[in-house]
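Comments concern the structure below.
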Amino acid sequence: MSLWSIISHMPQEEFSGLFTEFPRSLRCLLADWLENQPWEFINGSDAFCTSMASGMLSAMLEKLRSAAGSDGQQCQILQQVSSIENAYRRDPLRLVAILKAILEGEKAAVLKRDRHLPLSFHRRQEELKFSLGLQRLQHRVHEIQVLRDGPAASRQLNTRDPQLKTDTKPPESELPTLILEAVKELEAAKQQVLKRIQIWKRQQQLAGNGALFEENLAPLQKRCESLVEVYFQLHQQVMAASTELGAELLPRLLERFNEVLSSLVKSSFLVEKQPPQVLKTQTKFQASVRFLLGPQLLKASAKPYMVRADMVTEKQARELALSAYSNTLSESTGEIMHNVVALETNPTSGTCCANFKNVLLKKIKRCERKGSESVTEEKCAVLFSTTVALTPSNLSVHLQVLSLPIVVIVHGNQDNNAKATVLWDNAFSEIDRVPFVVAERVPWEKMCDTLNLKFMAEVQTTKGLLKEHYFFLAQKIFNDHSASLEDFQSRSVSWAQFNKEILPGRGFTFWQWFDGVLDLTKRCLKSYWSDRLIIGFISKQYVCKLLSTEPDGTFLLRFSDSEIGGVTIAHVIRGKDGSGQVENIQPFSAKDLSIRSLGDRIRDLGQLRNLYPNTPKDQAFGSHYNKEQTGKDGRGYVSTAIKMTVESERDQQPQSAAGGPLEAPQAQMFSLPVLQPELHPESLQSVLSPICPPAPFCPQPIPTGYPAGESNISMMVSDNLGSSFPSTSPMLSPSLVMDPALPRCQDLAFRNPLPFMPNQYVTGEASQLLSGGPSPEPQDEEMPELAPFTPMVDPPLQSSPRMPPSMDLPPSSDFDQFLQEMSLEGPALCAPFTPPLQRSGYPSPNASCWGLGESRWDDSVRPGHA
C-alpha cells in the first residue's frame, strides 16, 4: 500500500497548508510516483546533489506532461507545468525542499490518524536511501578517477551512468581526503546492507509465528553484488594512488577495506530454508543455506566446497556469536545423519546453495538446565559451516551461520510446550541479539498481537481476534475479573504466566488451553469462525448475562473455558415458572465434530432457534448443513443417520414419592441386532424381562454445570424398516434401532443385558451408544474422583438401582442354567460388558499429564471420548 492511496481518501482540509508553492492538482497527477523518488535523502548542495535534483526535475516535468495528455483540463495543467519549470530550472534544490516538506506533512497526517505508516512505504524508502547512497559512492569513485586521470575518465563514466551528467572537474582537493570520504561512504553503504540482511532474518523468524514474509533473496543478492562491484572499483583507485597516500595511510585504508569485504561475505551466508523449530529425534527434516556472493566471488575449485551441519547448544551458540563466528565448533551436541552437502552454483538462476534433503537427528545430548527449566524450554540450533576461497585475491574465508532456535523433543506429548517456547522466542527476541536471549516479561499488547497473528495463520482465516476476545484472554491469563480493558493494556505478561503456571482451578496452562482452541478451530471450525458464527472467547458468566434477557431458543457458541479443545453451545430455556435459564451443552471435541459436524448438530436440536442476537439458525448455519440421504441405497439397504439430542434437567422423568422412577411407557432398553435362528424374542421375553426391563433408563443427574446426559447421539433408521422384535420408536434417545436383517455389528451391539449403573463413566466411542449418550462432564468446577469402571457380574443384579423396586430375580439355579444354555448355543446374547481401555486425547491437570505419571479422571479428561 502506498502513502498516496491513504492520502487520497482523507479530507483535503487537512493538507491545505502544504500546497502554497506547489499546486495540489499537480500532486494528484503525480500520485504515488512522487513518493517513489529520493527527495528526502538529497541533503546538501554539492555537485552530486545538484545533479540528482536536476535529473529528478526533468523526470517530473515529463511525467506531468504525459499525464496532462489524458486529462480534460490539459491547457491549465500545461500552464502549471511550464510555470514550475521556469521557477525551478535554475534552482532544482529548492523544488526538492518543497516536495520534501509536502511528503513530511502527508506522513505526519497519516501517523496522527493511524499511528503507523504502511510497511511497503518503509521498505520502499529504505531501498531509495540505499540506491541514492550507492550512486553517491559511484560519484566519489568518478571524482577520484577524474582527479587522477583527467576529463577522459569523466566522459567514460557519463556513458555508464547517464543520470550523472557533469563534465565539470571536481574541486581541487587533496586526493587522500577524497579517498577517505569515499571509504566512509562505502562503510555506510555496507551498514545499510547488513541492516537489511538482519531485517530479512527477523522477518523470517516472525514468519514462524505466521507473519507475512518476502522470501525472495534475489533483491538482497543484487544489492550485495552491486556494493561489492563498487568496492572493487574504489579498491582499485586506492591501490593506484598508493604513492600519494603514503606508507602510513595506505595500511589503515586497506585494513578498513578488508573489514568491509569480510563483513559482507560472512553476512551473505544465510539459512534460506530453516529446519523445523520443533524437531523430534529420529525424524527426517530439510534445510538449505545460500551464499549470496557465491556466484560473484567463489573461486572455481576442482573439488566442490562442502557445507557441514552440526547441532549446538545455547551456550555454544553464544560463544560462537561473541567470537564473531571466527572460532570453530569443538563438539556437536547431537548426532546428525547425512549432514554434509556440496555447495553448488547454478549459473541459470545465479544462486549458490547447499540443500540438505534427508537430514536426520539421531540423538541429542542434553545440557544442564537452569533452575526449574524443563527440556521443552531448552533451546539449541543447527550450525552450518564451510571454508571457501574467494577471487580475485584467493582469500580463504570460514563461513558459519546459525539456524533459528530449535527445541528438540523425543515424544509427541512434548510438542505443545515446545511450541510455546518457540512462539515466545520468535515473537519477542531482538535483532542481532546474543543467542538466544529473550525477555521474561513483555507488554500485554504485544502478546495480543502475537496471539492474533498465530491464530490467523494456524486457522488460515482473515478474521482475527477482536478487542472483546483480548479482554477475555486477559482475564484468563491474569486471573483478574475486576480490571477493565484499559487496565490490561498497561500490564505486562511473563513467560511463567504464559506456559509454566497452571491456571487456577484447571489442569493446564494458558498456552495449552489456547493451543487446544487453535487445533479445534483449524480442524473443524474454520468456516464457522470465518463467517463470525462463533463468539468463542467469552466466559460462561458473561454468556449468562448476554442471554438472560433473550427469548427462548436463543443460543451462541463459545470455547470451553475449563476443557482443552472444546466448543459448547449455550442456549436459553424457559422453566415451568416462565423464568429464563441458560444451559451449556457438553463441549464437543474435534473427534465429536468429525462424527457429526457442528452445523448438523445445531440443526438436530429443535430447541435452538436464533443465533445471538436474533439471526435464525437456518439462515446462519444453512450453508454448513450436510445433505442427508433418505430411502434405500443402490444395494437395497435402508439408509441410516446419526442424530443428536440433548436431555436437560426439565426433561428428565420426575421421581415418585417412594423415591423410584415413575412408570414410563413401555420401551426396550436395548434392541438386539441378531438372535439365533432357533431363539425367538417372544419365547425369551419371559426370561429376559427381569434382566432387561421395559422401563427406559433415566440416569440420575450428576452435579455439573451442563445438563445431565446431554449430547446423546442416536441412530436413525427409515420407518419402513421391518423387524421381528417388539416395535419401539424410530428414534430412541438412549438406544440404537438396528436392522435385524443386517449382519451382526460387533462394535455397536450391546451384549450386556444388565442395566448400566447411573453416574458411571464409560470411556471410548461406545459411550455415545449407551443410554444417555456421552457421560456428562463437569465444566468450570472440579470433577469428583470416580472409582474405575468394573464389569458387571451376577451378584450386583440384586441391588441394581435401575431395577424396579417390585421386581424379583428368577431363582439362582434357573438363571445359571439359562446362561449356561445360552453359552452352548453360540456367542452370548448378553455377555458381560467390558469397558474399553481408558484412554484420552486430553492432558491431565497434574504434572503427570506430560509424561511424568499415570492419568486420572478430572476436568481435563473428556469421559466418553478417546
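FYI, nothing fancy with the C-alpha cells labels: chains A, B, ... in order, residues from 1 per chain, ligands from 1 as they appear.
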Exercise: Ser66 (chain A) partners within 12 Å, only C-alpha atoms, chain neighbours under 6 positions left out, as a list in words: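 My reading of the contact set: Leu29, Leu30, Ala59, Met60, Gln74, Ile77, Leu78 and Val81 of chain A.
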As a PyMOL selection string, list the residues of region 492-658 of chain A assigned to alpha helix (DSSP H) by DSSP on the backbone atoms of this structure. chain A and resi 495-499+510-520+526-530+540-547+590-595+598-604+617-621
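Of the listed residues A:Leu175, A:Leu292, A:Val110, A:Met456, the one whose atoms come nearest to Ala211 (chain A) is A:Met456, with distances taken using only C-alpha atoms.
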For a test of reading the model, state the distance in Å between CA of Lys365 (chain A) and CA of Ile409 (chain A), rounded to one decimal.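 Going from CA of Lys365 (chain A) over to CA of Ile409 (chain A) covers 11.5 Å.
Residue nearest Ala321 (chain A) within the list A:Arg433, A:His481, A:Lys195, A:Lys266: A:Arg433 [criterion: smallest interatomic distance, only C-alpha atoms].
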Quick one: everything within 12 Å of Glu14 (chain A), counting only C-alpha atoms, minus sequence neighbours fewer than 2 positions away in the same chain. Send it as a list of chain:residue names.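 My list of contacting residues is A:Ile7, A:Ser8, A:His9, A:Met10, A:Pro11, A:Gln12, A:Ser16, A:Gly17, A:Leu18, A:Phe19, A:Gly105, A:Glu106, A:Lys107, A:Ala108, A:Ala109, A:Val110, A:Lys112, A:Arg113.
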Name the residues in contact with region 214-230 of chain A at a cut-off of 9 Å, using only C-alpha atoms, excluding same-chain residues fewer than 2 positions from it; report them as a PyMOL selection string. chain A and resi 130-131+134+137-138+141+186+189-190+193+196-197+200+203-204+212+232-235+261+264+268+272+291-293+296+351
According to DSSP computed on the backbone, where in region 399-462 of chain A is there strand (DSSP E)? Give the residues as a PyMOL selection string. chain A and resi 399-402+407-409+441-443
Would you pick out the contacts of region 381-396 of chain A at 10 Å or less, using only C-alpha atoms, so that residues sharing its chain but fewer than 3 positions from it are not included, and give the list as a ChimeraX atom specification? /A:232,262,265,269-271,274-275,277,287-289,293-294,296-301,304-314,316-317,320,325,328-329,332-334,336,339-340,342-343,354,399-408,435-436
Using only C-alpha atoms, the shortest atom-to-atom distance to Phe510 (chain A) among A:Leu254, A:Leu451, A:Leu466, A:Ala483 belongs to A:Leu451
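Take CA of Val493 (chain A) and CA of Gln541 (chain A): the distance between them is 24.1 Å.
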Contacts of region 467-472 of chain A at 9 Å or less, counting only C-alpha atoms, minus same-chain residues fewer than 6 places along, as a list in words?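 Final neighbour list, sorted by chain and number: Cys448, His481, Ser484, Leu485, Phe488, Ile535, Gly536, Phe537, Ile538 and Ser539 of chain A.
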Go ahead and dump the residues you just picked, C-alpha atoms, as a short mmCIF file (atom, residue, chain, number, x, y, z; two decimals), in the first residue's frame.
data_model
loop_
_atom_site.label_atom_id
_atom_site.label_comp_id
_atom_site.auth_asym_id
_atom_site.auth_seq_id
_atom_site.Cartn_x
_atom_site.Cartn_y
_atom_site.Cartn_z
CA CYS A 448 -2.26 -9.85 21.91
CA HIS A 481 -12.11 -10.31 36.59
CA SER A 484 -11.10 -3.02 32.73
CA LEU A 485 -9.84 -3.39 29.18
CA PHE A 488 -4.94 -4.68 30.96
CA ILE A 535 -18.08 -15.78 19.59
CA GLY A 536 -15.64 -18.27 21.08
CA PHE A 537 -13.57 -16.34 23.59
CA ILE A 538 -16.19 -15.44 26.17
CA SER A 539 -16.73 -16.55 29.74
#
